[in-house]
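Each remark here refers to the structure printed beneath this line.
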Amino acid sequence: MLDTLRRIVQEVNGARSLDAALATMVRRIRKAMRTDVCSIYLFDRERDRLVLMDTIGLRTQAVGIVTLRLGEGLVGLVGQREEPLNLEDAPGHPQFRYFAETGEERFSSFLGVPIIHQRRMLGVLVVQQQEKRRFDEGDEAFLVTMAAQLAGVLAHALVSGTLNRPAEPDGQAMFSGVAASPGMAIGEIVVVAPPADLDSVPDLIPTDPDAEVVRLHAALAHVREDIRKAGARLASRISTQELALFDVYQQMLGDAALGNEVEKRIREGQWAPGALADVVRRHTQYLERVDDGYLRERAMDIRDLGRRVLAHLQESNELTPSTYPANTILVGDEISAATLGELPRGRLAALVSIRGSSNSHVAILARAMGIPTVLGMVDLPLPRINGAKAILDGHRGRLFVRPEPQLAKRYERLIKEERALAEVLEHEQHLPSETSDGHRMPLMVNTGLAVDMVAQLKPRVSGVGLYRTEVPFMMNERFPSEQEQTRLYHEQLSSFAPLPVVMRTLDIGGDKDLPYFPINEANPFLGWRGIRVTLDHPEVLMVQMRAMLMASRELDNLRILLPMITSVDEVDTALRLLARAREELAEDGIEVASPKVGVMIEVPATLYQLSALAERVDFFSVGSNDLTQYLLAVDRNNARVASLYDACHPAVLNALARLAEESQRLGVPASVCGELAGDPSGALLLMGMGFEALSMNAPSLPRVRAAIRRVSIGDARSLVAETLSLPTTAVVRAHLRQRMTDWQIGHLLSPQD
Ligand code: PEP
Ligand code: MG
């Protein structure tokens, strides 16, 4: 049974159009369940009716014609109740409704199940039988499972238009992901593939198949020439037998061999790189399965040759700075920081990556550069969107492909307003961050990159609240040496001196991977992360601590922050290592002042150990991003549960309020460096709770400062009091928006639907 289910889902998934998907569904399900009829009805929300979309067994003329209101007939009843209905004698049911078009009177048994995706009823799946048949529990369970599995495929097809029917091509489609960098942009999509990687070539429909064929043959000729030259170079050094291999390569690359097959695939509707990747994949898969060492070797050869041809194809297809459209929305399976770096600065309007998380390298870069970005858009049909006009909403994590004019107009207005606001706020960036009644609220900045514009920032902030040291580590191909780190940290410390710089020890693991130190775990956020890794590798931590200390010589503005602390003994061990690092430097004659040390409050366990922690450290820094994900048990990078992830959940806010209160009682300064601090309404709440500093990405500073300057500390405190008793995230958000509107600062919040 499981096999049948899997096969059907796979087939449906592979369908090229909605019609083909529906046809596959009804045919395969009818066969699997041995029934006379299988039909699918989809719910047309605009018309508020269920429409018969495909059937096998009923009259096909009825498709598209038969429609039912919710509650009408048996199918309507299933849709309305959102529950299966299993009847041996359907015509005997009081709700039975006869549609002459279908010829339904001939069927007595009926089993209908709703198709539901993320709580929304999408349609109804029905099987019917001529003779009286009681569909048993197994039948019902099969159809329910089938509907649940197909719901995802259908939902995607319906929302995205991936499986567009020919009659309604290329309509507006919306995709959701995880918002990784705020802002909005309208532009043209450019789909990128990493160089010469056969596995990540996207499927694209060629606009000019003839041109693709020409490109292909040119690339093949290039590689044949390369191989000929390589053979000639080696002729005197290898045996004639080995040299013969070069002839084999030449033959493989011949127009009659690989060339023909790839050309055929292009004519079937694939661009040249995609067609090449398809053909190479097919051959290598076959050869790798063969139990013959020689042939398996040939599989490797084909892959290698394929890669070479691909490299030439990509060269000829390479976008040059001038070919990138002015407002490029760069879309890729996994966009690397390098790709980002290659793009001409002024042309990049927004970024979308299918993979990647809010802490990935590219997301950090994008935030620092102020480029709206959405990641984790797993449903994006790359082949169909290259060159399309699109809108990216980095506040809400959405991409609208081929937007309707009305929506485009709305976004044009929003973008204009956002720009105008930024200009207005720019004028008050040199003013202190204090409330209308003089309460000072120090604002700090989160850094990690060289692109962070220090000179501009320094006069506007009270220091660096979080320097993520893992960022420069991510940019490397190995752990940076002690000297390299010292240089890097010194640059950061001296640029901001005498302002304090909070340097966090390496926080890798979770979604922050180092290319040269991969950590593969089933559950990385609950695994080897942050301090857990560095305490297991004291050699790495010691180098880092020594480098930080060295870098702070004569500057005295270093603070050290320990990430992912769960237990007090982790702090004790880290402090011991720090003391040792200082001693080692002293032995070399380098005396460094003892820096203040703090812990991140981001694992909920620390909330209950504040007094023990307070005895050991000088400050607390709240990582509201992780604290939210761990308190709510919601992965901060999973688009499917993105709507559940919100630091304004009442549980998180109550935890934060108590934490602020207790830190004050313990006399330990507490600040916040997670994203909540960069949200104007979140910042007001945190100020009202009593946090002593807020640290955020540079682009968030203007709005937060503006919000703080327009309220009194009393207002902020009442806001906290009002908010803490509210029952749900939605009510909290609505209340915050209302208050901000009352105070005439609603425009500082990101736009809403
Ligand atoms: C946090 O968890 O809130 C935080 C600031 O750290 P990071 O986002 O780097 O995990
Ligand atoms: Mg964190």
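Chain lettering (A, B, ...) mirrors the order of the structure tokens, residue numbering begins at 1 for each chain separately, and ligand numbering begins at 1 in order of display.
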Step by step, measure atom-to-atom distances between ligand 2 and each residue using only C-alpha atoms and all ligand atoms, keep those at most 7 Å, then write them as a short mmCIF file (atom, residue, chain, number, x, y, z; two decimals) with C-alpha atoms, in the first residue's frame.
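Saved the output as pocket.cif:
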```
data_model
loop_
_atom_site.label_atom_id
_atom_site.label_comp_id
_atom_site.auth_asym_id
_atom_site.auth_seq_id
_atom_site.Cartn_x
_atom_site.Cartn_y
_atom_site.Cartn_z
CA PRO A 563 26.65 31.93 23.15
CA MET A 564 24.22 29.04 23.76
CA GLU A 602 18.81 32.34 24.59
CA GLY A 623 19.26 36.44 22.04
CA ASN A 625 15.83 34.93 18.10
CA ASP A 626 16.87 31.70 19.71
#
```
Contacts of range 467-483 of chain A within 9 Å, only C-alpha atoms, excl. fewer than 6 positions in-chain, as a count of residues only: 30
Point-to-point distance from CA of Arg355 in chain A to CA of Ala639 in chain A, Å rounded to tenths: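 These two atoms are separated by 10.8 Å.
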Excluding range 426-430 of chain A and its own-chain neighbours fewer than 4 positions away, which residues fall within 7 Å of it when counting only C-alpha atoms? Please give them as a compact mmCIF listing (two decimals) with all heavy atoms, in the first residue's frame.
```txt
# COMPACT_ATOMS: atom_id res chain seq x y z
N ALA A 422 12.73 56.90 5.00
CA ALA A 422 14.17 56.75 5.28
C ALA A 422 14.87 58.09 5.18
O ALA A 422 15.72 58.43 6.00
CB ALA A 422 14.78 55.74 4.32
N ARG A 460 26.55 57.34 15.70
CA ARG A 460 25.11 57.15 15.92
C ARG A 460 24.80 56.09 16.97
O ARG A 460 23.65 55.85 17.26
CB ARG A 460 24.45 56.71 14.62
CG ARG A 460 24.63 57.71 13.51
CD ARG A 460 24.05 57.19 12.23
NE ARG A 460 24.05 58.25 11.23
CZ ARG A 460 23.39 58.21 10.10
NH1 ARG A 460 22.66 57.14 9.83
NH2 ARG A 460 23.43 59.21 9.25
N PRO A 702 17.39 53.66 12.36
CA PRO A 702 16.60 54.89 12.22
C PRO A 702 15.17 54.78 12.75
O PRO A 702 14.71 55.67 13.47
CB PRO A 702 16.59 55.13 10.70
CG PRO A 702 17.81 54.42 10.20
CD PRO A 702 17.99 53.24 11.08
```
Separation of CA of Asp278 in chain A from CA of Leu18 in chain A, in Å and rounded to one decimal: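 We find that CA of Asp278 in chain A and CA of Leu18 in chain A lie 23.1 Å from each other.
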Residue among A:Leu627, A:Val374, A:Ile354, A:Ile335 lying closest to ligand 1, counting only C-alpha atoms and all ligand atoms: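 Result for the nearest residue to ligand 1: A:Leu627.
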Counting only C-alpha atoms, which residues of range 420-462 of chain A fall within 9 Å of range 690-695 of chain A, and what is the closest atom pair for each with its distance in Å at one decimal, ordered by chain and rising number, as a Markdown table?
```
| residue | atom | partner | partner_atom | distance |
| --- | --- | --- | --- | --- |
| A:Arg440 | CA | A:Glu692 | CA | 9.0 |
| A:Met441 | CA | A:Ala693 | CA | 6.1 |
| A:Pro442 | CA | A:Ala693 | CA | 4.9 |
| A:Leu443 | CA | A:Leu694 | CA | 5.1 |
| A:Met444 | CA | A:Ser695 | CA | 4.3 |
| A:Val445 | CA | A:Ser695 | CA | 5.0 |
| A:Asn446 | CA | A:Ser695 | CA | 6.0 |
| A:Ser462 | CA | A:Ala693 | CA | 8.8 |
```
Distance criterion (only C-alpha atoms and all ligand atoms): nearest to ligand 1 out of A:Asp3, A:Asp536, A:Asp572, A:Asp511: A:Asp511
One-decimal distance in Å that lies between CA of Arg402 in chain A and CA of Ala390 in chain A: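 Between these atoms lies a distance of 5.5 Å.
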Which of range 65-181 of chain A fall in helix (DSSP H, G or I), as a PyMOL selection string: chain A and resi 73-81+90-92+100-102+104-106+137-160
Distance query Ala581 in chain A at most 12 Å, only C-alpha atoms, self and fewer than 6 positions along chain excluded, as a short mmCIF file (atom, residue, chain, number, x, y, z; two decimals) with N, CA and C atoms, in the first residue's frame:
```cif
data_model
loop_
_atom_site.label_atom_id
_atom_site.label_comp_id
_atom_site.auth_asym_id
_atom_site.auth_seq_id
_atom_site.Cartn_x
_atom_site.Cartn_y
_atom_site.Cartn_z
N PRO A 538 38.78 23.16 22.78
CA PRO A 538 39.41 24.29 23.48
C PRO A 538 40.52 24.92 22.66
N GLU A 539 41.14 24.12 21.77
CA GLU A 539 42.22 24.71 20.98
C GLU A 539 41.68 25.83 20.09
N VAL A 540 40.46 25.65 19.59
CA VAL A 540 39.85 26.69 18.75
C VAL A 540 39.46 27.90 19.62
N LEU A 541 38.84 27.61 20.75
CA LEU A 541 38.38 28.69 21.63
C LEU A 541 39.56 29.48 22.19
N MET A 542 40.61 28.76 22.58
CA MET A 542 41.77 29.45 23.16
C MET A 542 42.40 30.41 22.15
N VAL A 543 42.51 29.93 20.91
CA VAL A 543 43.08 30.80 19.87
C VAL A 543 42.23 32.05 19.74
N GLN A 544 40.93 31.82 19.74
CA GLN A 544 40.03 32.96 19.57
C GLN A 544 40.13 33.94 20.74
N MET A 545 40.15 33.39 21.93
CA MET A 545 40.22 34.27 23.11
C MET A 545 41.54 35.04 23.15
N ARG A 546 42.61 34.32 22.84
CA ARG A 546 43.92 35.01 22.84
C ARG A 546 43.92 36.13 21.81
N ALA A 547 43.35 35.83 20.65
CA ALA A 547 43.31 36.85 19.59
C ALA A 547 42.49 38.06 20.03
N MET A 548 41.36 37.80 20.69
CA MET A 548 40.52 38.93 21.15
C MET A 548 41.30 39.77 22.17
N LEU A 549 41.95 39.08 23.11
CA LEU A 549 42.69 39.79 24.15
C LEU A 549 43.83 40.61 23.54
N MET A 550 44.57 39.96 22.66
CA MET A 550 45.68 40.66 22.00
C MET A 550 45.18 41.90 21.28
N ALA A 574 34.49 28.07 30.50
CA ALA A 574 34.90 29.13 29.56
C ALA A 574 35.72 30.19 30.28
N LEU A 575 35.30 30.53 31.50
CA LEU A 575 36.04 31.56 32.25
C LEU A 575 37.45 31.07 32.60
N GLU A 587 52.69 35.48 30.10
CA GLU A 587 53.99 34.78 30.05
C GLU A 587 54.84 35.29 28.89
N ASP A 588 54.14 35.69 27.82
CA ASP A 588 54.89 36.26 26.68
C ASP A 588 55.14 37.75 26.86
N ILE A 590 52.85 39.99 27.50
CA ILE A 590 51.74 40.86 27.02
C ILE A 590 50.67 40.93 28.11
N GLU A 591 50.57 42.08 28.71
CA GLU A 591 49.58 42.26 29.78
C GLU A 591 48.30 42.84 29.18
N VAL A 592 47.22 42.17 29.41
CA VAL A 592 45.94 42.69 28.89
C VAL A 592 44.95 42.77 30.04
N ALA A 593 44.18 43.87 30.06
CA ALA A 593 43.17 44.03 31.11
C ALA A 593 42.12 42.93 30.97
N SER A 594 41.54 42.55 32.08
CA SER A 594 40.53 41.49 32.05
C SER A 594 39.22 42.06 31.49
N PRO A 595 38.73 41.51 30.39
CA PRO A 595 37.52 42.10 29.80
C PRO A 595 36.27 41.68 30.59
#
```
Neighbour list for Ser611 in chain A as a PyMOL selection string, cut-off 12 Å, only C-alpha atoms, skip fewer than 6 positions in-chain: chain A and resi 568+617-620+659+662-668
Those of range 98-320 of chain A in DSSP strand (DSSP E or B), formatted as an NGL selection string: :A and (109-117 or 120-129 or 173-176 or 178-181 or 184-192)
With a distance cut-off of 8 Å and only C-alpha atoms, select the neighbouring residues of Ala193 in chain A, excluding the residue or stretch itself and same-chain residues fewer than 6 positions from it, and output the selection as an mmCIF file with all heavy atoms, in the first residue's frame.
```
data_model
loop_
_atom_site.group_PDB
_atom_site.id
_atom_site.type_symbol
_atom_site.label_atom_id
_atom_site.label_comp_id
_atom_site.auth_asym_id
_atom_site.auth_seq_id
_atom_site.Cartn_x
_atom_site.Cartn_y
_atom_site.Cartn_z
ATOM 1 N N SER A 200 23.127 21.248 -9.877
ATOM 2 C CA SER A 200 22.303 22.385 -9.472
ATOM 3 C C SER A 200 21.877 23.247 -10.656
ATOM 4 O O SER A 200 21.514 24.397 -10.491
ATOM 5 C CB SER A 200 23.043 23.223 -8.432
ATOM 6 O OG SER A 200 24.284 23.584 -8.952
ATOM 7 N N VAL A 201 21.921 22.664 -11.845
ATOM 8 C CA VAL A 201 21.438 23.417 -13.007
ATOM 9 C C VAL A 201 19.909 23.465 -12.936
ATOM 10 O O VAL A 201 19.268 22.431 -12.851
ATOM 11 C CB VAL A 201 21.840 22.715 -14.322
ATOM 12 C CG1 VAL A 201 21.254 23.441 -15.523
ATOM 13 C CG2 VAL A 201 23.338 22.632 -14.431
ATOM 14 N N PRO A 202 19.329 24.649 -12.928
ATOM 15 C CA PRO A 202 17.865 24.674 -12.883
ATOM 16 C C PRO A 202 17.249 24.275 -14.227
ATOM 17 O O PRO A 202 17.903 24.384 -15.265
ATOM 18 C CB PRO A 202 17.562 26.136 -12.562
ATOM 19 C CG PRO A 202 18.740 26.902 -13.020
ATOM 20 C CD PRO A 202 19.924 25.981 -12.961
ATOM 21 N N GLY A 332 17.976 31.857 -6.753
ATOM 22 C CA GLY A 332 18.788 30.665 -6.996
ATOM 23 C C GLY A 332 18.496 29.592 -5.980
ATOM 24 O O GLY A 332 17.851 29.847 -4.955
ATOM 25 N N ASP A 333 18.977 28.407 -6.296
ATOM 26 C CA ASP A 333 18.774 27.293 -5.391
ATOM 27 C C ASP A 333 19.501 27.591 -4.085
ATOM 28 O O ASP A 333 18.976 27.461 -3.003
ATOM 29 C CB ASP A 333 19.344 26.036 -6.051
ATOM 30 C CG ASP A 333 18.976 24.815 -5.265
ATOM 31 O OD1 ASP A 333 17.818 24.745 -4.820
ATOM 32 O OD2 ASP A 333 19.833 23.944 -5.077
#
```
Top pick for closest residue to Ile519 in chain A, considering A:Ala21, A:Ala647, A:Val533, A:Ala32 and counting only C-alpha atoms: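 Of the candidates, the smallest distance to Ile519 in chain A is held by A:Val533.
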